[in-house]
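Working notes, structure below.
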Amino acid sequence: MKYTILFFFFSLFAIGQTAQLTGVIYEGEQPTEFAEIRFVHTENNQHYTTYTQVQGSFTLTLPMGKYQFTVYQFNQEVYQKTLDIVQNTHLGKIILETNQRLDEVKIVAQQKVIERKIDRLIFNLDRTVVGTGGNVLEALKATPSVRVSPTGIQIVGKNQVLVLLDDRPTYLSGEELMRYLESMSSSDIQRIEVITTPPAKYEAEGNSGILNIVTKKNAIDAWNAVAGTTYQRSKRNTMRYNAGFNWNQKGWNLKANVNFGDARFLRQWNNDLYYLNETWESRSATAGRNDYYNLNFALSRQLTKNWEMGLKIAKNNYNFRGPTGGKTTRYANGELHSFITEDSKEQSKSDRLILSYFNEIKLDTLGKKITVDLDYINSDQPNFRQFTSATLDPQGLPMPNRFLQGGNDNQNDIENYVGKLDIDLPFSGINLQLGTKLSVSKTNNNLLIYNKLNQNKQQNQFDYKENNQAFYVSANKTWMDRLTAQVGLRLEATQTVGYASALDQTNRSKEVKLFPTVYVNYVANEAHSFGFNYSTRINRPNFESLNPTRSTYNEYSYHEGNPFLKPAYTTNFELIHTYKKLESKIFYSQLKDGIAQVSQIDAATKHYNYIWMNYITMDVLGLTASLYTKLTPWWTSSNEFTLTYSSATPVLANEVRVKGVAAYFSTSNDFTLNALQTLFLGVNYEHNFSGVSENFHTKNYANLSLALKYLLANKKVELSLQASNVLNSTYSTYKKTTEAKQEFNNNWDNRTLRFSVSYKFGNSSLKTKQRASANQEELNRM
């Protein structure tokens with residue numbers, strides 16, 4: 001390892017004599033923005049690349065020698081010349097021929113870094129510095145309206161996010177999803193689509209936004225691979241490994257990747273309760289280790305020029321083990337009253353298999369097509385927890401009859417069957433989309449709760465079944481290339497049955513709901529555009545929240561589900577203004593019957609229990625502004641500011657309405673440090689100002705992250721050194737009720753130092769005479 005690090009820093013200065021090349025690219029009378037400028041050394045085949053700026057100018061510094069100078073537009077070669085570079089040279093104005101058709105001219109506007117479509121914002125990653133080296137998780141940090149934190153991925157104004165890969169679900173969430181995205185190279189991604197108001201095509205579940213990560217298509221008759229490893233140091237050591245392989249030949253397209261490792265941490269939980277005459281200070285720590293692996297395999301075949309069929313297999317596995325030790329110190333009237341100890345050992349596993357089969361049939365060359373998707377998900381998630389809790393007097397001696405010992409043994413199996421049919425029908429005057437989805441979900445949850453002291457056992461079999469049928473239709477029309485409108489309607493019917501054997505209780509529900517979506521976008525001129533979005537969403541309770549079985553933490557606290565939970569509904573409005581590279585948005589959302597695990601505090605008994613409830617009605621009004629800009633040829637910056645006002649009304653009698661403002665600012669900056677474009681510095685900073693979030697008050701939180709990347713060996717090897725949460729900030733919240741004040745200060749152990757190495761290699765000479773020339777055009781579009 002030490003020799004690798006020495007080689008990393010030594011290579012930074014291994015740069016010989018260089019010369020600066022400048023020039024201006026014009027297409028007719030107009031300067032050309034984002035044209036790719038490429039110099040290839042004729043002797044060592046070293047590549048040097050840059051892009052033209054707003055006025056068509058470019059600047060590039062490279063070693064002296066003979067080069068092949070090429071200009072590309074839309075991945076097509078449009079100019080070429082051989083140069084012998086022996087000094088600083090200005091190439092003057094280079095004029096490209098303007099013989100493209102009008103429909104090709106429209107493509108020029110689509111090559112900007114940031115695009116605003118009627119129902120989504122598009123971040124063209126292949127046009128950015130962050131897309132040169134690094135992973136997808138890092139790229140998301142620079143994506144407008146997206147936040148990446150140790151607890152997950154969020155979109156501004158949304159409490160959930162659904163991540164799609166090439167418009168298909170990953171069926172991953174939380175830490176599994178983040179490890180998967182961290183193993184993917186950002187250079188393999190073409191664009192990231194941020195959908196804050198999902199159209200009718202997507203299910204109405206959750207007040208969630210959607211991130212659709214669109215990968216680059218494999219080159220024809222070529223293969224490539226990547227292998228890498230990461231060492232991370234926080235309060236524990238962590239090692240991660242990843243590898244990927246892509247292959248495309250004779251109509252076959254293969255993508256495979258694997259990532260595995262161990263995620264270790266030491267998280268600290270500081271939770272305090274302030275009653276009128278008592279204070280409870282709770283301090284605990286979890287030393288966790290999560291051994292995991294993710295396998296993904298996708299194979300497709302272009303059977304004819306209009307028919308593609310494919311199969312995807314994913315295997316996700318993790319094994320978490322973590323002891324937790326804690327003590328609560330209880331003060332009464334300023335004097336020490338007693339101690340409550342809590343010690344537990346937990347092990348939870350997840351073994352998930354995902355099988356996906358798809359067919360895509362093109363009906364014509366204008367975009368009409370039929371897509372069929374069939375998915376099967378099987379998940380086995382056993383969980384085992386042992387705990388002890390004791391109450392001690394001020395001298396630390398056990399108090400009689402105040403000792404608890406027990407545990408939970410939970411066997412959870414989930415099966416899910418999903419079928420989707422989507423039809424795209426673009427016509428000359430209007431674009432239509434329609435489709436249907438059928439899903440069946442079965443959950444078997446066998447929970448054993450036992451008390452070791454009196455040998456008491458409680459067993460509960462909780463079975464939950466959910467059927468969902470959906471149909472949608474959407475229409476999109478544009479007038480005069482300026483005004484575009486899209487309307488959609490989604491019908492969802494849901495039937496659920498939940499049975500708890502411990503209560504011998506069956507709960508059934510049926511519902512049929514309509515979910516409309518409306519989008520309007522007006523392009524005033526090249527600089528200004530205006531948009532309006534409207535949608536309604538639903539958030540259904542999951543099986544865990546519906547399970548009525550009680551789990552005990554100590555003599556004062558327990559956790560319990562609620563089989564009578566109702567779905568929550570959210571209504572969303574957005575007004576969007578885009579001025580060049582600045583996007584401003586005003587949004588409003590109303591949440592009814594919000595679902596959460598709520599702490600119920602009783603000052604008389606000192607019980608604080610966590611119960612799943614339809615606990616809140618909330619209104620949120622917000623303003624967000626985001627700007628992605630290339631300040632200089634070597635500095636790109638993504639910036640965002642969000643201001644919200646919220647009013648939350650809890651249903652509990654001892655909680656009052658919480659209203660107030662909250663503000664958030666972030667800036668993500670990438671610097672190109674050398675002329676060869678092989679050394680990069682990333683500086684990311686975010687700041688959450690003190691304010692209000694739902695029925696909680698939040699304190700100031702600042703996060704600074706730094707990243708240094710170096711590409712060598714013709715950019716096939718990437719070395720990366722990253723420091724996260726340099727300021728070692730902790731996220732703090734508190735809640736006030738008429739019974740007490742509850743405060744949370746948790747350290748997620750996310751102050752880390754990471755060193756990563758990855759190597760890319762491949763071959764682009766898999767030519768075959770047997771390949772049918774009739775399929776060439778379609779294969780090039782894969």
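Letters A, B, ... mark the chains of the structure tokens in the order given; residue numbers begin at 1 per chain; ligand numbers begin at 1, in order shown.
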Which polymer residues have any atom within 7 Å of an atom of stretch 444-455 of chain A, counting only C-alpha atoms, with same-chain residues fewer than 6 positions away left out, as a PDB file with all heavy atoms, in the first residue's frame?
ATOM      1  N   GLN A 405     -34.417  -9.607  30.926  1.00  0.00           N
ATOM      2  CA  GLN A 405     -33.555 -10.354  30.008  1.00  0.00           C
ATOM      3  C   GLN A 405     -34.434 -11.106  29.030  1.00  0.00           C
ATOM      4  O   GLN A 405     -35.358 -11.820  29.429  1.00  0.00           O
ATOM      5  CB  GLN A 405     -32.650 -11.329  30.757  1.00  0.00           C
ATOM      6  CG  GLN A 405     -31.641 -12.033  29.854  1.00  0.00           C
ATOM      7  CD  GLN A 405     -30.716 -12.938  30.638  1.00  0.00           C
ATOM      8  OE1 GLN A 405     -31.031 -13.330  31.758  1.00  0.00           O
ATOM      9  NE2 GLN A 405     -29.573 -13.267  30.062  1.00  0.00           N
ATOM     10  N   GLY A 406     -34.157 -10.927  27.745  1.00  0.00           N
ATOM     11  CA  GLY A 406     -34.984 -11.588  26.744  1.00  0.00           C
ATOM     12  C   GLY A 406     -34.428 -11.391  25.353  1.00  0.00           C
ATOM     13  O   GLY A 406     -33.250 -11.088  25.168  1.00  0.00           O
ATOM     14  N   GLY A 407     -35.307 -11.554  24.378  1.00  0.00           N
ATOM     15  CA  GLY A 407     -34.854 -11.394  23.003  1.00  0.00           C
ATOM     16  C   GLY A 407     -35.965 -11.595  22.005  1.00  0.00           C
ATOM     17  O   GLY A 407     -37.099 -11.967  22.346  1.00  0.00           O
ATOM     18  N   ASN A 408     -35.643 -11.325  20.756  1.00  0.00           N
ATOM     19  CA  ASN A 408     -36.561 -11.499  19.633  1.00  0.00           C
ATOM     20  C   ASN A 408     -35.875 -12.358  18.568  1.00  0.00           C
ATOM     21  O   ASN A 408     -34.688 -12.196  18.291  1.00  0.00           O
ATOM     22  CB  ASN A 408     -36.930 -10.153  18.989  1.00  0.00           C
ATOM     23  CG  ASN A 408     -37.585  -9.209  19.967  1.00  0.00           C
ATOM     24  OD1 ASN A 408     -38.170  -9.644  20.954  1.00  0.00           O
ATOM     25  ND2 ASN A 408     -37.475  -7.915  19.700  1.00  0.00           N
ATOM     26  N   ASP A 409     -36.633 -13.258  17.991  1.00  0.00           N
ATOM     27  CA  ASP A 409     -36.154 -14.082  16.877  1.00  0.00           C
ATOM     28  C   ASP A 409     -37.179 -13.959  15.764  1.00  0.00           C
ATOM     29  O   ASP A 409     -38.300 -14.459  15.887  1.00  0.00           O
ATOM     30  CB  ASP A 409     -35.998 -15.535  17.334  1.00  0.00           C
ATOM     31  CG  ASP A 409     -35.323 -16.384  16.265  1.00  0.00           C
ATOM     32  OD1 ASP A 409     -35.104 -15.865  15.157  1.00  0.00           O
ATOM     33  OD2 ASP A 409     -35.025 -17.559  16.533  1.00  0.00           O
ATOM     34  N   ASN A 410     -36.801 -13.278  14.693  1.00  0.00           N
ATOM     35  CA  ASN A 410     -37.755 -12.944  13.641  1.00  0.00           C
ATOM     36  C   ASN A 410     -37.311 -13.557  12.318  1.00  0.00           C
ATOM     37  O   ASN A 410     -36.202 -13.306  11.847  1.00  0.00           O
ATOM     38  CB  ASN A 410     -37.860 -11.421  13.502  1.00  0.00           C
ATOM     39  CG  ASN A 410     -38.951 -11.015  12.525  1.00  0.00           C
ATOM     40  OD1 ASN A 410     -39.814 -11.822  12.195  1.00  0.00           O
ATOM     41  ND2 ASN A 410     -38.904  -9.789  12.056  1.00  0.00           N
ATOM     42  N   GLN A 411     -38.169 -14.373  11.718  1.00  0.00           N
ATOM     43  CA  GLN A 411     -37.923 -14.949  10.399  1.00  0.00           C
ATOM     44  C   GLN A 411     -38.878 -14.279   9.409  1.00  0.00           C
ATOM     45  O   GLN A 411     -40.091 -14.417   9.518  1.00  0.00           O
ATOM     46  CB  GLN A 411     -38.152 -16.463  10.417  1.00  0.00           C
ATOM     47  CG  GLN A 411     -37.251 -17.218  11.365  1.00  0.00           C
ATOM     48  CD  GLN A 411     -35.798 -17.157  10.955  1.00  0.00           C
ATOM     49  OE1 GLN A 411     -35.472 -17.138   9.760  1.00  0.00           O
ATOM     50  NE2 GLN A 411     -34.910 -17.121  11.929  1.00  0.00           N
ATOM     51  N   ASN A 412     -38.311 -13.561   8.451  1.00  0.00           N
ATOM     52  CA  ASN A 412     -39.119 -12.754   7.535  1.00  0.00           C
ATOM     53  C   ASN A 412     -38.828 -13.164   6.096  1.00  0.00           C
ATOM     54  O   ASN A 412     -37.677 -13.115   5.654  1.00  0.00           O
ATOM     55  CB  ASN A 412     -38.790 -11.270   7.742  1.00  0.00           C
ATOM     56  CG  ASN A 412     -39.531 -10.385   6.763  1.00  0.00           C
ATOM     57  OD1 ASN A 412     -40.627 -10.733   6.342  1.00  0.00           O
ATOM     58  ND2 ASN A 412     -38.935  -9.279   6.391  1.00  0.00           N
ATOM     59  N   ASP A 413     -39.850 -13.581   5.377  1.00  0.00           N
ATOM     60  CA  ASP A 413     -39.722 -13.986   3.971  1.00  0.00           C
ATOM     61  C   ASP A 413     -40.679 -13.152   3.133  1.00  0.00           C
ATOM     62  O   ASP A 413     -41.859 -13.005   3.469  1.00  0.00           O
ATOM     63  CB  ASP A 413     -40.039 -15.467   3.790  1.00  0.00           C
ATOM     64  CG  ASP A 413     -39.086 -16.365   4.566  1.00  0.00           C
ATOM     65  OD1 ASP A 413     -37.875 -16.177   4.423  1.00  0.00           O
ATOM     66  OD2 ASP A 413     -39.573 -17.222   5.328  1.00  0.00           O
ATOM     67  N   ILE A 414     -40.162 -12.636   2.019  1.00  0.00           N
ATOM     68  CA  ILE A 414     -40.962 -11.790   1.130  1.00  0.00           C
ATOM     69  C   ILE A 414     -40.852 -12.324  -0.298  1.00  0.00           C
ATOM     70  O   ILE A 414     -39.746 -12.612  -0.779  1.00  0.00           O
ATOM     71  CB  ILE A 414     -40.504 -10.323   1.177  1.00  0.00           C
ATOM     72  CG1 ILE A 414     -40.597  -9.770   2.602  1.00  0.00           C
ATOM     73  CG2 ILE A 414     -41.337  -9.462   0.228  1.00  0.00           C
ATOM     74  CD1 ILE A 414     -40.026  -8.368   2.743  1.00  0.00           C
ATOM     75  N   GLN A 461     -47.294 -15.124  14.346  1.00  0.00           N
ATOM     76  CA  GLN A 461     -47.142 -15.281  12.902  1.00  0.00           C
ATOM     77  C   GLN A 461     -47.928 -14.145  12.243  1.00  0.00           C
ATOM     78  O   GLN A 461     -49.156 -14.085  12.348  1.00  0.00           O
ATOM     79  CB  GLN A 461     -47.686 -16.631  12.444  1.00  0.00           C
ATOM     80  CG  GLN A 461     -47.622 -16.850  10.936  1.00  0.00           C
ATOM     81  CD  GLN A 461     -46.206 -17.067  10.440  1.00  0.00           C
ATOM     82  OE1 GLN A 461     -45.372 -17.591  11.181  1.00  0.00           O
ATOM     83  NE2 GLN A 461     -45.918 -16.659   9.217  1.00  0.00           N
ATOM     84  N   PHE A 462     -47.190 -13.231  11.605  1.00  0.00           N
ATOM     85  CA  PHE A 462     -47.854 -12.105  10.947  1.00  0.00           C
ATOM     86  C   PHE A 462     -47.699 -12.284   9.441  1.00  0.00           C
ATOM     87  O   PHE A 462     -46.589 -12.216   8.901  1.00  0.00           O
ATOM     88  CB  PHE A 462     -47.243 -10.777  11.394  1.00  0.00           C
ATOM     89  CG  PHE A 462     -47.923  -9.579  10.779  1.00  0.00           C
ATOM     90  CD1 PHE A 462     -49.202  -9.221  11.151  1.00  0.00           C
ATOM     91  CD2 PHE A 462     -47.272  -8.820   9.820  1.00  0.00           C
ATOM     92  CE1 PHE A 462     -49.833  -8.123  10.592  1.00  0.00           C
ATOM     93  CE2 PHE A 462     -47.888  -7.720   9.254  1.00  0.00           C
ATOM     94  CZ  PHE A 462     -49.166  -7.359   9.632  1.00  0.00           C
ATOM     95  N   ASP A 463     -48.800 -12.545   8.770  1.00  0.00           N
ATOM     96  CA  ASP A 463     -48.821 -12.731   7.316  1.00  0.00           C
ATOM     97  C   ASP A 463     -49.496 -11.536   6.669  1.00  0.00           C
ATOM     98  O   ASP A 463     -50.570 -11.108   7.096  1.00  0.00           O
ATOM     99  CB  ASP A 463     -49.567 -14.014   6.948  1.00  0.00           C
ATOM    100  CG  ASP A 463     -48.908 -15.252   7.526  1.00  0.00           C
ATOM    101  OD1 ASP A 463     -47.672 -15.243   7.653  1.00  0.00           O
ATOM    102  OD2 ASP A 463     -49.633 -16.210   7.858  1.00  0.00           O
ATOM    103  N   TYR A 464     -48.845 -11.036   5.621  1.00  0.00           N
ATOM    104  CA  TYR A 464     -49.369  -9.841   4.973  1.00  0.00           C
ATOM    105  C   TYR A 464     -49.316 -10.055   3.461  1.00  0.00           C
ATOM    106  O   TYR A 464     -48.292 -10.478   2.902  1.00  0.00           O
ATOM    107  CB  TYR A 464     -48.529  -8.621   5.354  1.00  0.00           C
ATOM    108  CG  TYR A 464     -49.001  -7.328   4.760  1.00  0.00           C
ATOM    109  CD1 TYR A 464     -50.178  -6.717   5.185  1.00  0.00           C
ATOM    110  CD2 TYR A 464     -48.258  -6.693   3.764  1.00  0.00           C
ATOM    111  CE1 TYR A 464     -50.602  -5.523   4.637  1.00  0.00           C
ATOM    112  CE2 TYR A 464     -48.677  -5.494   3.210  1.00  0.00           C
ATOM    113  CZ  TYR A 464     -49.851  -4.912   3.644  1.00  0.00           C
ATOM    114  OH  TYR A 464     -50.264  -3.725   3.098  1.00  0.00           O
TER     115      TYR A 464
END
Note to self: Env of A:Phe245: 9 Å cut, atoms = only C-alpha atoms, seq-sep filter 3 positions within chain, self excluded. Answer as a ChimeraX atom specification.
What the structure shows: /A:223-227,254-257
With C-alpha atoms retained, export the selected residues as a PDB file, in the first residue's frame.
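Ended up saving to part31.pdb:
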ATOM      1  CA  TRP A 223     -15.356  -5.289 -24.492  1.00  0.00           C
ATOM      2  CA  ASN A 224     -14.091  -3.450 -21.445  1.00  0.00           C
ATOM      3  CA  ALA A 225     -13.613  -4.194 -17.770  1.00  0.00           C
ATOM      4  CA  VAL A 226     -12.810  -2.417 -14.521  1.00  0.00           C
ATOM      5  CA  ALA A 227     -11.431  -3.626 -11.190  1.00  0.00           C
ATOM      6  CA  LEU A 254     -23.540  -8.302 -21.689  1.00  0.00           C
ATOM      7  CA  LYS A 255     -23.062  -6.256 -18.510  1.00  0.00           C
ATOM      8  CA  ALA A 256     -21.857  -7.770 -15.243  1.00  0.00           C
ATOM      9  CA  ASN A 257     -20.502  -6.338 -12.010  1.00  0.00           C
TER      10      ASN A 257
END
Check: Please, what distance in Å, to one decimal, runs between atom CA of A:Gly435 and atom CA of A:Asn378?
Finding: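 These two atoms are separated by 24.9 Å.
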Checklist line | Among listed residues A:Tyr231, A:Phe680, A:Tyr615, A:Tyr734, nearest A:Leu711 (using only C-alpha atoms) | finding: A:Phe680
Checklist line | Surrounding residues of A:Tyr628 excluding itself and chain neighbours under 5 positions, 12 Å, only C-alpha atoms, as a PyMOL selection string | finding: chain A and resi 112-115+122-125+128+142-145+578-583+635-640+666-670
Check: Hey, which of A:Ser758, A:Gln486, A:Asn572, A:Asn554 ends up closest to A:Lys606? Count only C-alpha atoms.
Finding: A:Asn554
Item checked: Counting only C-alpha atoms, the residue of A:Asn703, A:Trp634, A:Asn688, A:Thr215 that sits nearest A:Thr672 ->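 Looking at the shortest contact to A:Thr672, the residue is A:Trp634.
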Next item on the list: Find the residues around A:Ala287 up to 9 Å (only C-alpha atoms counted), leave out those fewer than 3 positions away in its own chain, and share them as a VMD selection string.
Entry: chain A and resid 236 264 to 268 321 to 325
Selected residues written out with C-alpha atoms, as a PDB file, in the first residue's frame:
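Result saved to part-v4.pdb:
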ATOM      1  CA  ARG A 236     -12.982   1.337  12.263  1.00  0.00           C
ATOM      2  CA  ARG A 264     -17.538  -1.316   9.944  1.00  0.00           C
ATOM      3  CA  PHE A 265     -18.468   1.601  12.183  1.00  0.00           C
ATOM      4  CA  LEU A 266     -18.804   2.830  15.747  1.00  0.00           C
ATOM      5  CA  ARG A 267     -21.955   4.945  16.004  1.00  0.00           C
ATOM      6  CA  GLN A 268     -22.865   6.920  19.098  1.00  0.00           C
ATOM      7  CA  ARG A 321     -23.700  -7.963  13.487  1.00  0.00           C
ATOM      8  CA  GLY A 322     -23.557  -5.292  16.149  1.00  0.00           C
ATOM      9  CA  PRO A 323     -23.461  -5.167  19.932  1.00  0.00           C
ATOM     10  CA  THR A 324     -24.965  -2.054  21.523  1.00  0.00           C
ATOM     11  CA  GLY A 325     -24.159  -0.914  25.035  1.00  0.00           C
TER      12      GLY A 325
END
Margin query: Counting only C-alpha atoms, which residue out of A:Asn237, A:Thr279, A:Gln249, A:Asn294 sits closest to A:Leu336?
Written below: A:Thr279
Checklist line | Pick from A:Ile340, A:Val520, A:Met309, A:Ala35, whichever lies nearest to A:Glu360 using only C-alpha atoms | finding: A:Met309
Item checked: Residues flagged alpha helix (DSSP H) by DSSP in stretch 45-278 of chain A, as number ranges by chain -> A: 102-109, 136-141, 174-182
Those residues with N, CA and C atoms, as a PDB file, in the first residue's frame please?
ATOM      1  N   LEU A 102     -32.440  20.323 -40.206  1.00  0.00           N
ATOM      2  CA  LEU A 102     -33.048  21.089 -39.124  1.00  0.00           C
ATOM      3  C   LEU A 102     -33.273  20.226 -37.891  1.00  0.00           C
ATOM      4  N   ASP A 103     -33.695  18.934 -38.092  1.00  0.00           N
ATOM      5  CA  ASP A 103     -33.945  18.095 -36.926  1.00  0.00           C
ATOM      6  C   ASP A 103     -32.653  17.781 -36.192  1.00  0.00           C
ATOM      7  N   GLU A 104     -31.503  17.844 -36.882  1.00  0.00           N
ATOM      8  CA  GLU A 104     -30.230  17.649 -36.211  1.00  0.00           C
ATOM      9  C   GLU A 104     -29.818  18.878 -35.427  1.00  0.00           C
ATOM     10  N   VAL A 105     -30.272  20.060 -35.881  1.00  0.00           N
ATOM     11  CA  VAL A 105     -29.957  21.287 -35.161  1.00  0.00           C
ATOM     12  C   VAL A 105     -30.576  21.246 -33.771  1.00  0.00           C
ATOM     13  N   LYS A 106     -31.740  20.634 -33.616  1.00  0.00           N
ATOM     14  CA  LYS A 106     -32.385  20.525 -32.305  1.00  0.00           C
ATOM     15  C   LYS A 106     -31.518  19.760 -31.321  1.00  0.00           C
ATOM     16  N   ILE A 107     -30.727  18.860 -31.802  1.00  0.00           N
ATOM     17  CA  ILE A 107     -29.880  18.055 -30.928  1.00  0.00           C
ATOM     18  C   ILE A 107     -28.840  18.921 -30.240  1.00  0.00           C
ATOM     19  N   VAL A 108     -28.457  20.020 -30.851  1.00  0.00           N
ATOM     20  CA  VAL A 108     -27.449  20.895 -30.254  1.00  0.00           C
ATOM     21  C   VAL A 108     -27.899  21.367 -28.888  1.00  0.00           C
ATOM     22  N   ALA A 109     -29.168  21.743 -28.713  1.00  0.00           N
ATOM     23  CA  ALA A 109     -29.667  22.217 -27.421  1.00  0.00           C
ATOM     24  C   ALA A 109     -29.666  21.116 -26.381  1.00  0.00           C
ATOM     25  N   VAL A 136     -20.551   6.750  -9.215  1.00  0.00           N
ATOM     26  CA  VAL A 136     -21.858   7.351  -9.417  1.00  0.00           C
ATOM     27  C   VAL A 136     -22.334   8.072  -8.158  1.00  0.00           C
ATOM     28  N   LEU A 137     -21.994   7.551  -6.984  1.00  0.00           N
ATOM     29  CA  LEU A 137     -22.415   8.206  -5.752  1.00  0.00           C
ATOM     30  C   LEU A 137     -21.804   9.608  -5.663  1.00  0.00           C
ATOM     31  N   GLU A 138     -20.536   9.750  -6.082  1.00  0.00           N
ATOM     32  CA  GLU A 138     -19.910  11.075  -6.107  1.00  0.00           C
ATOM     33  C   GLU A 138     -20.592  11.979  -7.130  1.00  0.00           C
ATOM     34  N   ALA A 139     -20.971  11.419  -8.270  1.00  0.00           N
ATOM     35  CA  ALA A 139     -21.636  12.220  -9.303  1.00  0.00           C
ATOM     36  C   ALA A 139     -22.982  12.745  -8.822  1.00  0.00           C
ATOM     37  N   LEU A 140     -23.675  11.955  -8.001  1.00  0.00           N
ATOM     38  CA  LEU A 140     -24.965  12.407  -7.477  1.00  0.00           C
ATOM     39  C   LEU A 140     -24.808  13.624  -6.582  1.00  0.00           C
ATOM     40  N   LYS A 141     -23.655  13.740  -5.890  1.00  0.00           N
ATOM     41  CA  LYS A 141     -23.430  14.890  -5.024  1.00  0.00           C
ATOM     42  C   LYS A 141     -23.367  16.196  -5.823  1.00  0.00           C
ATOM     43  N   GLY A 174     -31.324   2.241   0.953  1.00  0.00           N
ATOM     44  CA  GLY A 174     -30.440   2.402   2.094  1.00  0.00           C
ATOM     45  C   GLY A 174     -28.989   2.134   1.773  1.00  0.00           C
ATOM     46  N   GLU A 175     -28.309   1.453   2.682  1.00  0.00           N
ATOM     47  CA  GLU A 175     -26.881   1.215   2.552  1.00  0.00           C
ATOM     48  C   GLU A 175     -26.566   0.306   1.367  1.00  0.00           C
ATOM     49  N   GLU A 176     -27.437  -0.661   1.067  1.00  0.00           N
ATOM     50  CA  GLU A 176     -27.204  -1.532  -0.087  1.00  0.00           C
ATOM     51  C   GLU A 176     -27.144  -0.726  -1.380  1.00  0.00           C
ATOM     52  N   LEU A 177     -28.077   0.206  -1.548  1.00  0.00           N
ATOM     53  CA  LEU A 177     -28.110   1.037  -2.738  1.00  0.00           C
ATOM     54  C   LEU A 177     -26.856   1.903  -2.833  1.00  0.00           C
ATOM     55  N   MET A 178     -26.430   2.493  -1.731  1.00  0.00           N
ATOM     56  CA  MET A 178     -25.275   3.377  -1.758  1.00  0.00           C
ATOM     57  C   MET A 178     -24.003   2.610  -2.095  1.00  0.00           C
ATOM     58  N   ARG A 179     -23.829   1.390  -1.549  1.00  0.00           N
ATOM     59  CA  ARG A 179     -22.648   0.587  -1.872  1.00  0.00           C
ATOM     60  C   ARG A 179     -22.665   0.193  -3.352  1.00  0.00           C
ATOM     61  N   TYR A 180     -23.848  -0.079  -3.903  1.00  0.00           N
ATOM     62  CA  TYR A 180     -23.957  -0.452  -5.309  1.00  0.00           C
ATOM     63  C   TYR A 180     -23.571   0.720  -6.214  1.00  0.00           C
ATOM     64  N   LEU A 181     -24.088   1.913  -5.925  1.00  0.00           N
ATOM     65  CA  LEU A 181     -23.762   3.079  -6.743  1.00  0.00           C
ATOM     66  C   LEU A 181     -22.297   3.464  -6.599  1.00  0.00           C
ATOM     67  N   GLU A 182     -21.723   3.207  -5.430  1.00  0.00           N
ATOM     68  CA  GLU A 182     -20.318   3.514  -5.202  1.00  0.00           C
ATOM     69  C   GLU A 182     -19.407   2.614  -6.029  1.00  0.00           C
TER      70      GLU A 182
END
Next item on the list: Work out how far apart atom CA of A:Lys437 and atom CA of A:Thr371 are and give it in Å to one decimal.
Entry: 11.8 Å
Next item on the list: Could you tell me how far atom CA of A:Ala475 lies from atom CA of A:Ser529, in Å and to one decimal?
Entry: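 Spanning atom CA of A:Ala475 to atom CA of A:Ser529 is a straight-line distance of 20.7 Å.
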Pick out the residues sitting within 8 Å of stretch 14-28 of chain A, and hand them over as a PDB file with C-alpha atoms, in the first residue's frame; count only C-alpha atoms, and ignore anything fewer than 3 positions along from it in its own chain.
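Okay, out.pdb is ready:
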ATOM      1  CA  PHE A  10       5.440  11.079  -7.349  1.00  0.00           C
ATOM      2  CA  SER A  11       3.417  10.866 -10.564  1.00  0.00           C
ATOM      3  CA  PRO A  31     -19.541  29.820 -32.019  1.00  0.00           C
ATOM      4  CA  THR A  32     -19.890  26.134 -31.102  1.00  0.00           C
ATOM      5  CA  ALA A  35     -17.602  20.558 -29.116  1.00  0.00           C
ATOM      6  CA  THR A  52     -15.217  24.404 -26.238  1.00  0.00           C
ATOM      7  CA  GLN A  55     -17.938  31.507 -27.168  1.00  0.00           C
ATOM      8  CA  GLY A  56     -16.480  28.471 -28.927  1.00  0.00           C
ATOM      9  CA  SER A  57     -13.004  28.962 -27.488  1.00  0.00           C
ATOM     10  CA  PHE A  58     -10.787  26.239 -26.084  1.00  0.00           C
ATOM     11  CA  THR A  59      -7.439  26.066 -24.312  1.00  0.00           C
ATOM     12  CA  LEU A  60      -5.328  22.958 -23.798  1.00  0.00           C
ATOM     13  CA  THR A  61      -1.763  22.422 -22.584  1.00  0.00           C
ATOM     14  CA  LEU A  62       0.053  19.249 -23.654  1.00  0.00           C
ATOM     15  CA  PRO A  63       3.606  17.921 -24.208  1.00  0.00           C
ATOM     16  CA  MET A  64       5.355  18.999 -27.410  1.00  0.00           C
ATOM     17  CA  ILE A  85       3.554  21.279 -31.825  1.00  0.00           C
ATOM     18  CA  VAL A  86       6.883  22.815 -30.777  1.00  0.00           C
ATOM     19  CA  GLN A  87       5.685  26.016 -29.073  1.00  0.00           C
ATOM     20  CA  ASN A  88       2.589  27.830 -27.812  1.00  0.00           C
ATOM     21  CA  THR A  89       0.200  27.999 -30.770  1.00  0.00           C
ATOM     22  CA  HIS A  90      -3.054  29.808 -31.547  1.00  0.00           C
ATOM     23  CA  LEU A  91      -4.970  27.866 -34.201  1.00  0.00           C
ATOM     24  CA  GLY A  92      -7.264  30.789 -34.992  1.00  0.00           C
ATOM     25  CA  LYS A  93     -10.898  30.408 -36.049  1.00  0.00           C
ATOM     26  CA  ILE A  94     -11.828  26.935 -37.273  1.00  0.00           C
ATOM     27  CA  ILE A  95     -15.112  26.957 -39.215  1.00  0.00           C
ATOM     28  CA  LEU A  96     -17.108  23.750 -39.488  1.00  0.00           C
ATOM     29  CA  GLU A  97     -19.355  23.003 -42.434  1.00  0.00           C
ATOM     30  CA  THR A  98     -23.064  23.623 -41.669  1.00  0.00           C
TER      31      THR A  98
END
